[in-house]
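Peer 1: Sharing a structure, written as structure tokens. Questions coming.
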Amino acid sequence: MSRPGRDDSPDRLYTLTGGRSRSDTGTFDLVTLVVAECDPTPGMQSEHAAILRLCQRPTAVVEVAAELGLPGSIVRIMLADLLDTGRISARHPRTARAADRLPDPTILEQVLVGLRNL
């Protein structure tokens, strides 16, 4: 069932992406954080302007897609367009590597020496 006022037809999605079915870059996945680097400008595609307004603070691609009510694949194509023009920046949240989560070995040695001195 379609929502009132929304046209989610394939023709509309085709128009939004300029006929592309995937973006040229693999920059975006669903958890990539997007931040707007500028404000929307007059004459800009309304969905691009909405993305810039949504991304004033770091926002995940999946959140943008949910807010716009569009498939993630379509949003990723539009985000790639905005990234190419420098209107957004994107970064993938890094997960801590196992080595980064462990304390520094020299600190552990100092603690061990201190415990032995007790």
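By convention in this document, the chains of the structure tokens carry letters A, B, ... by their order, each chain's residues are numbered from 1, and ligands are numbered from 1 in the order they are shown.
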From the DSSP assignment of the backbone, select every residue of range 23-86 of chain A that is helix (DSSP H, G or I), and format the answer as a PyMOL selection string.
Peer 2: chain A and resi 46-54+61-68+72-84
Peer 1: What is the CA of His92 in chain A-CA of Asp29 in chain A distance in Å, reported with one decimal?
Peer 2: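 Between CA of His92 in chain A and CA of Asp29 in chain A the gap is 8.2 Å.
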Peer 1: May I have the residues within 12 Å of Ser46 in chain A as a PDB file with C-alpha atoms, in the first residue's frame, using only C-alpha atoms and disregarding those fewer than 6 positions away in the same chain?
Peer 2:
ATOM      1  CA  LEU A  16      16.111  10.305  -8.769  1.00  0.00           C
ATOM      2  CA  PRO A  40      20.977  23.264   0.367  1.00  0.00           C
ATOM      3  CA  LEU A  52      21.751  17.959   3.476  1.00  0.00           C
ATOM      4  CA  ARG A  53      19.206  19.073   6.067  1.00  0.00           C
ATOM      5  CA  LEU A  68      13.314   9.824   3.165  1.00  0.00           C
ATOM      6  CA  MET A  78      22.270  10.086  -4.311  1.00  0.00           C
TER       7      MET A  78
END
Peer 1: Just the number, please: distance in Å from CA of Thr32 in chain A to CA of Leu102 in chain A, one decimal.
Peer 2: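 Rounded to one decimal, the two atoms are 25.8 Å apart.
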